[in-house]
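Pasted below: my_file.csv, CSV, C-alpha atoms.
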```csv
chain,number,residue,atom,x,y,z
H,1,MET,CA,1.4,39.5,-12.4
H,2,LYS,CA,5.1,39.1,-13.2
H,3,THR,CA,5.8,37.9,-9.7
H,4,VAL,CA,3.0,35.3,-9.9
H,5,ALA,CA,4.2,34.2,-13.3
H,6,LEU,CA,7.8,33.7,-12.1
H,7,ALA,CA,6.5,31.7,-9.1
H,8,LEU,CA,4.5,29.5,-11.4
H,9,LEU,CA,7.4,29.0,-13.7
H,10,ALA,CA,9.6,28.1,-10.7
H,11,LEU,CA,7.1,25.5,-9.6
H,12,ILE,CA,6.9,24.0,-13.1
H,13,VAL,CA,10.7,23.8,-13.3
H,14,THR,CA,10.9,22.2,-9.8
H,15,ALA,CA,8.2,19.7,-10.6
H,16,SER,CA,9.9,18.8,-13.9
H,17,ALA,CA,13.2,18.4,-12.2
H,18,ALA,CA,11.6,16.2,-9.5
H,19,ALA,CA,9.9,14.0,-12.2
H,20,SER,CA,13.2,13.7,-14.1
H,21,THR,CA,15.0,12.7,-10.9
H,22,GLY,CA,12.3,10.2,-9.9
H,23,LYS,CA,12.4,8.6,-13.3
H,24,SER,CA,16.1,8.3,-13.1
H,25,LEU,CA,16.0,6.7,-9.7
H,26,TYR,CA,13.3,4.3,-10.8
H,27,GLY,CA,15.5,3.2,-13.7
H,28,ARG,CA,18.4,2.5,-11.4
H,29,ASN,CA,16.6,0.9,-8.4
H,30,CYS,CA,13.2,-0.4,-9.5
H,31,LEU,CA,13.0,-1.0,-13.3
H,32,ARG,CA,14.6,-4.5,-13.3
H,33,CYS,CA,12.0,-6.0,-11.0
H,34,HIS,CA,8.9,-3.9,-11.5
H,35,GLY,CA,9.2,-3.2,-15.3
H,36,MET,CA,8.5,-0.2,-17.4
H,37,ASN,CA,6.1,2.3,-15.9
H,38,GLY,CA,5.5,0.0,-12.9
H,39,ALA,CA,3.7,-2.5,-15.0
H,40,GLY,CA,5.1,-5.4,-13.1
H,41,THR,CA,7.1,-8.5,-14.1
H,42,PRO,CA,7.0,-12.3,-13.2
H,43,ILE,CA,9.2,-11.6,-10.2
H,44,ALA,CA,7.6,-8.4,-8.8
H,45,PRO,CA,4.1,-6.9,-8.7
H,46,SER,CA,2.7,-4.0,-10.6
H,47,LEU,CA,3.1,-0.5,-9.0
H,48,ARG,CA,0.3,1.0,-11.0
H,49,GLY,CA,-2.3,2.4,-8.6
H,50,VAL,CA,-0.3,1.8,-5.4
H,51,GLY,CA,-0.1,5.6,-5.0
H,52,ALA,CA,2.3,7.5,-2.9
H,53,MET,CA,1.4,5.6,0.3
H,54,ALA,CA,2.9,2.3,-0.5
H,55,ALA,CA,5.9,3.8,-2.3
H,56,ASP,CA,6.7,6.1,0.7
H,57,PHE,CA,6.3,3.2,3.2
H,58,TYR,CA,8.6,0.8,1.4
H,59,LEU,CA,11.3,3.4,0.6
H,60,SER,CA,11.2,5.3,3.9
H,61,THR,CA,11.6,2.1,5.9
H,62,GLY,CA,14.4,0.7,3.8
H,63,TYR,CA,12.2,-2.3,2.8
H,64,MET,CA,13.0,-1.5,-0.8
H,65,PRO,CA,15.0,-1.9,-2.9
H,66,LEU,CA,15.5,-5.5,-1.9
H,67,GLN,CA,19.0,-7.0,-1.9
H,68,HIS,CA,17.7,-10.3,-3.3
H,69,VAL,CA,14.4,-11.1,-4.9
H,70,GLY,CA,12.3,-13.4,-2.7
H,71,LEU,CA,13.6,-12.2,0.7
H,72,GLN,CA,11.2,-10.8,3.3
H,73,PRO,CA,11.4,-7.0,3.2
H,74,ARG,CA,13.0,-5.8,6.4
H,75,ARG,CA,13.9,-2.4,7.9
H,76,SER,CA,17.4,-1.6,6.8
H,77,ARG,CA,19.7,1.3,6.0
H,78,LEU,CA,18.2,3.7,3.6
H,79,VAL,CA,19.7,3.6,0.1
H,80,LEU,CA,18.0,7.0,-0.8
H,81,ASN,CA,18.0,10.3,1.0
H,82,ALA,CA,14.8,12.2,1.9
H,83,LYS,CA,14.7,14.2,-1.4
H,84,GLN,CA,15.3,11.2,-3.5
H,85,ILE,CA,12.5,9.3,-1.7
H,86,THR,CA,10.1,12.2,-2.3
H,87,ALA,CA,11.1,12.3,-6.0
H,88,LEU,CA,10.8,8.5,-6.5
H,89,THR,CA,7.5,8.4,-4.6
H,90,GLY,CA,6.1,11.1,-6.7
H,91,TYR,CA,7.2,9.3,-9.9
H,92,ILE,CA,5.6,6.0,-8.8
H,93,ALA,CA,2.4,7.8,-7.8
H,94,SER,CA,2.2,9.3,-11.3
H,95,PHE,CA,1.7,5.8,-12.9
H,96,ALA,CA,-2.0,5.7,-11.9
H,97,PRO,CA,-4.3,7.3,-9.3
H,98,GLY,CA,-3.7,5.8,-5.9
H,99,PRO,CA,-3.9,6.6,-2.1
H,100,PRO,CA,-1.8,9.5,-0.9
H,101,ILE,CA,0.5,9.5,2.1
H,102,PRO,CA,-1.7,9.5,5.2
H,103,THR,CA,-1.5,12.1,8.0
H,104,PRO,CA,-2.3,10.3,11.3
H,105,ARG,CA,-3.1,12.3,14.4
H,106,PRO,CA,-2.1,10.1,17.4
H,107,GLN,CA,-2.5,13.1,19.7
H,108,ASN,CA,-6.2,12.8,19.2
H,109,GLY,CA,-6.3,9.1,20.0
H,110,SER,CA,-6.8,7.2,23.2
H,111,VAL,CA,-4.0,5.0,24.5
H,112,SER,CA,-6.4,2.7,26.4
H,113,GLU,CA,-8.6,2.2,23.3
H,114,GLY,CA,-5.5,1.7,21.3
H,115,LEU,CA,-4.3,-1.1,23.6
H,116,HIS,CA,-7.6,-2.9,23.1
H,117,LEU,CA,-7.5,-2.4,19.3
H,118,PHE,CA,-3.9,-3.4,19.1
H,119,THR,CA,-4.6,-6.6,21.1
H,120,ASP,CA,-7.5,-7.5,18.8
H,121,HIS,CA,-5.8,-6.8,15.5
H,122,CYS,CA,-2.1,-6.7,15.9
H,123,ALA,CA,-0.8,-8.5,19.0
H,124,GLY,CA,-1.2,-12.0,17.5
H,125,CYS,CA,1.8,-11.2,15.3
H,126,HIS,CA,3.6,-8.3,16.8
H,127,GLN,CA,3.0,-9.2,20.5
H,128,VAL,CA,1.0,-6.9,22.8
H,129,VAL,CA,4.1,-4.7,23.5
H,130,ALA,CA,4.9,-4.3,19.8
H,131,GLU,CA,8.2,-6.1,20.1
H,132,GLY,CA,7.7,-8.3,17.0
H,133,GLY,CA,7.3,-12.1,16.9
H,134,TYR,CA,7.2,-15.1,14.6
H,135,VAL,CA,4.5,-16.5,12.2
H,136,THR,CA,4.6,-19.1,9.5
H,137,GLY,CA,6.7,-17.9,6.6
H,138,ALA,CA,7.6,-14.5,8.1
H,139,VAL,CA,9.0,-12.6,11.0
H,140,PRO,CA,6.7,-9.7,12.1
H,141,PRO,CA,9.1,-6.8,13.0
H,142,PRO,CA,9.2,-4.8,16.2
H,143,LEU,CA,7.6,-1.4,15.8
H,144,GLU,CA,10.0,0.6,17.9
H,145,ASP,CA,11.5,2.4,14.9
H,146,ASP,CA,8.3,3.1,13.0
H,147,THR,CA,7.0,6.6,12.7
H,148,PRO,CA,3.2,7.3,13.1
H,149,THR,CA,3.0,7.8,9.3
H,150,GLN,CA,4.7,4.5,8.6
H,151,ILE,CA,2.4,2.7,11.1
H,152,ALA,CA,-0.6,4.2,9.3
H,153,GLU,CA,0.7,3.2,5.9
H,154,ALA,CA,1.4,-0.4,7.0
H,155,VAL,CA,-2.1,-0.8,8.4
H,156,ARG,CA,-3.7,0.3,5.1
H,157,ILE,CA,-1.4,-1.4,2.6
H,158,GLY,CA,-0.5,-4.7,4.5
H,159,PRO,CA,3.1,-5.1,3.6
H,160,TYR,CA,4.4,-8.7,2.9
H,161,VAL,CA,2.1,-11.2,4.8
H,162,MET,CA,0.4,-8.6,7.0
H,163,PRO,CA,-3.3,-8.2,6.2
H,164,THR,CA,-4.7,-5.0,4.8
H,165,PHE,CA,-7.2,-3.1,7.1
H,166,SER,CA,-9.7,-0.9,5.4
H,167,THR,CA,-11.3,2.1,7.0
H,168,LYS,CA,-14.3,-0.2,7.6
H,169,ALA,CA,-12.2,-2.6,9.6
H,170,ILE,CA,-10.2,0.1,11.4
H,171,SER,CA,-11.4,3.7,11.1
H,172,ASN,CA,-9.0,6.6,11.0
H,173,ALA,CA,-9.9,7.6,14.5
H,174,GLN,CA,-9.2,4.0,15.7
H,175,LEU,CA,-6.0,4.1,13.8
H,176,ASP,CA,-5.0,7.2,15.7
H,177,SER,CA,-5.6,5.4,19.0
H,178,ILE,CA,-3.5,2.3,17.8
H,179,ILE,CA,-0.6,4.6,16.9
H,180,ALA,CA,-0.9,6.4,20.2
H,181,TYR,CA,-0.6,3.1,22.0
H,182,VAL,CA,2.4,2.0,19.9
H,183,GLN,CA,4.1,5.3,20.7
H,184,TYR,CA,3.4,4.7,24.4
H,185,ALA,CA,4.7,1.0,24.2
H,186,LYS,CA,8.0,2.3,23.0
H,187,HIS,CA,8.7,3.8,26.4
H,188,PRO,CA,6.1,2.2,28.8
H,189,ASP,CA,5.8,3.1,32.5
H,190,ASP,CA,7.5,0.1,34.4
H,191,ARG,CA,7.0,1.4,37.9
H,192,GLY,CA,6.5,-1.4,40.3
H,193,GLY,CA,7.6,-4.2,38.0
H,194,TRP,CA,10.5,-5.8,36.2
H,195,ALA,CA,10.3,-5.1,32.5
H,196,ILE,CA,12.5,-8.0,31.2
H,197,GLY,CA,12.9,-6.3,27.9
H,198,HIS,CA,9.2,-5.9,27.3
H,199,VAL,CA,9.1,-9.3,25.5
H,200,GLY,CA,5.6,-10.2,26.6
H,201,PRO,CA,3.7,-12.2,29.2
H,202,VAL,CA,4.7,-15.7,28.2
H,203,PRO,CA,8.5,-15.2,28.5
H,204,GLU,CA,7.9,-13.2,31.7
H,205,GLY,CA,5.9,-16.1,33.1
H,206,LEU,CA,8.7,-18.5,32.1
H,207,VAL,CA,11.2,-16.4,33.9
H,208,THR,CA,9.0,-16.4,37.0
H,209,TRP,CA,8.8,-20.2,36.9
H,210,LEU,CA,12.6,-20.5,36.5
H,211,VAL,CA,13.2,-18.2,39.5
H,212,ALA,CA,10.6,-20.1,41.5
H,213,ALA,CA,12.2,-23.5,40.5
H,214,ALA,CA,15.7,-22.2,41.5
H,215,ALA,CA,14.4,-21.0,44.8
H,216,LEU,CA,12.7,-24.4,45.4
H,217,VAL,CA,15.9,-26.3,44.7
H,218,VAL,CA,17.8,-24.1,47.1
H,219,VAL,CA,15.2,-24.7,49.8
H,220,CYS,CA,15.3,-28.5,49.2
H,221,MET,CA,19.2,-28.4,49.4
H,222,LEU,CA,19.0,-26.5,52.7
H,223,ILE,CA,16.4,-28.9,54.1
H,224,GLY,CA,18.5,-31.9,53.0
H,225,THR,CA,21.7,-30.5,54.6
H,226,ARG,CA,19.9,-29.9,57.9
H,227,VAL,CA,18.3,-33.3,58.0
H,228,GLY,CA,21.7,-34.9,57.2
H,229,ARG,CA,23.3,-33.1,60.1
H,230,GLU,CA,20.6,-34.1,62.5
H,231,SER,CA,20.8,-37.7,61.6
```
Mind turning this structure into structure tokens?
Amino acid sequence: MKTVALALLALIVTASAAASTGKSLYGRNCLRCHGMNGAGTPIAPSLRGVGAMAADFYLSTGYMPLQHVGLQPRRSRLVLNAKQITALTGYIASFAPGPPIPTPRPQNGSVSEGLHLFTDHCAGCHQVVAEGGYVTGAVPPPLEDDTPTQIAEAVRIGPYVMPTFSTKAISNAQLDSIIAYVQYAKHPDDRGGWAIGHVGPVPEGLVTWLVAAAALVVVCMLIGTRVGRES
């Protein structure tokens, strides 16, 4: 009994320390924009009910804290270390009930199914090879640095202008397949082809036309030189 009591006491002390650390980190990094207890302000949304999922995504990717209000959140150098992110995520999650950090299982997914799903739901912004792109008012990022957990979080929360996909739109099993494809797309098999940076079919087609045009010019010059000599 004494051992169990000591273990419980240690857990309580650890949890209390983590909560204190999270509150302190919130005050230094989030309070100015998101307000007391995550209630929100005119310049930033409420964090009540976002749960650990959104907090973990924005903090673990370096999207938050923003350097300047109004900028598109982008992956950047982390301001907080792993322990601090865990503490701050826990503190934000304590504001109100919200979704927890997901646990995707891409090893259970299908790369081929993931390709079809990614093409249908994601390629319009991120390109079919997940190298990022351009849309009105935002720059969809490449996914080469995203972990499976971060991809799952982004699909469910819809950061910035990205739409939110519920489990009705994309089931957890389908999400596993999408993540499996994105993981594959980071290091695809390029045997028998020229990758050209994996920037997608349109730029690859333009390169093909440029090479063909250059070859045609060379052929025309050779024909012209030969005709000139014969005349």
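With distances taken over all atoms listed in the file, H:Pro140 is the one residue among H:Pro163, H:Pro140, H:Gly49, H:Gly224 lying closest to H:Gln72.
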Residues within 12 Å of H:Thr136, all atoms listed in the file, excluding chain neighbours under 3 positions, as a list in words: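 That gives Cys125, Gly133, Val139, Pro140, Val161 and Met162 of chain H.
For the residues H:Leu31, H:Ala214, H:Met36, H:Ile151, ranking by smallest atom-to-atom distance to H:Asp56 using all atoms listed in the file places H:Ile151 first.
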(Q) Could you check the closest approach to H:Gly70 for each of H:Ser112, H:Ala138, H:Phe95, H:Gly51 and tell me which residue wins, using all atoms listed in the file? (A)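 Ranked by minimum distance to H:Gly70, first place goes to H:Ala138.
Pairwise distance (atom CA of H:Tyr58, atom CA of H:Leu175) equals 19.4 Å.
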Exercise for the section: Select, from H:Gln84, H:Gln183, H:Ser60, H:Ala93, the residue with the minimum atom-to-atom distance to H:Phe118, counting only C-alpha atoms. Expected result: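 Smallest separation from H:Phe118 among the options: H:Gln183.
By only C-alpha atoms, and with residues fewer than 3 positions from H:Ser166 along its chain excluded, the set lying at most 9 Å from it is Val155, Arg156, Ile157, Ala169, Ile170 and Ser171 of chain H.
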### Message
Tell me which residues come within 8 Å of (3.6, -5.7, 13.3), as a list in words, counting only C-alpha atoms in the file's coordinates.
### Response
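Within the cut-off we find Cys122, Ala123, Cys125, His126, Ala130, Gly132, Pro140, Pro141, Pro142, Leu143 and Met162 of chain H.
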Review point. When distances are computed from only C-alpha atoms, which of H:Pro42, H:Gly114, H:Pro106, H:Pro188 shows the smallest separation from H:Glu144?
Key: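 Between H:Pro42, H:Gly114, H:Pro106, H:Pro188, the residue approaching H:Glu144 most closely is H:Pro188.
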For H:Arg28, the closest of H:Pro65, H:Gly40, H:Pro97, H:Pro159 counting all atoms listed in the file is H:Pro65
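Interatomic distance, atom CA of H:Gln174 against atom CA of H:Ser110: 8.5 Å.
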*asked:* If we draw a sphere of 10 Å around (5.9, 8.3, -13.5), which residues have at least one atom in it when counting only C-alpha atoms? Please report them as a count of residues only.
replied: 19
Query raised in the report: What is the atom CA of H:Leu25-atom CA of H:Gly98 distance in Å, reported with one decimal?
Result: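 Atom CA of H:Leu25 sits 20.1 Å away from atom CA of H:Gly98.
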Got a sec: who's within 10 Å of H:Pro45, counting only C-alpha atoms, leaving out chain neighbours fewer than 4 positions off, as a PDB file with C-alpha atoms, in the frame of the given file?
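Output below, filename out30.pdb:
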```pdb
ATOM      1  CA  CYS H  33      12.000  -6.000 -11.000  1.00  0.00           C
ATOM      2  CA  HIS H  34       8.900  -3.900 -11.500  1.00  0.00           C
ATOM      3  CA  GLY H  35       9.200  -3.200 -15.300  1.00  0.00           C
ATOM      4  CA  GLY H  38       5.500   0.000 -12.900  1.00  0.00           C
ATOM      5  CA  ALA H  39       3.700  -2.500 -15.000  1.00  0.00           C
ATOM      6  CA  GLY H  40       5.100  -5.400 -13.100  1.00  0.00           C
ATOM      7  CA  THR H  41       7.100  -8.500 -14.100  1.00  0.00           C
TER       8      THR H  41
END
```
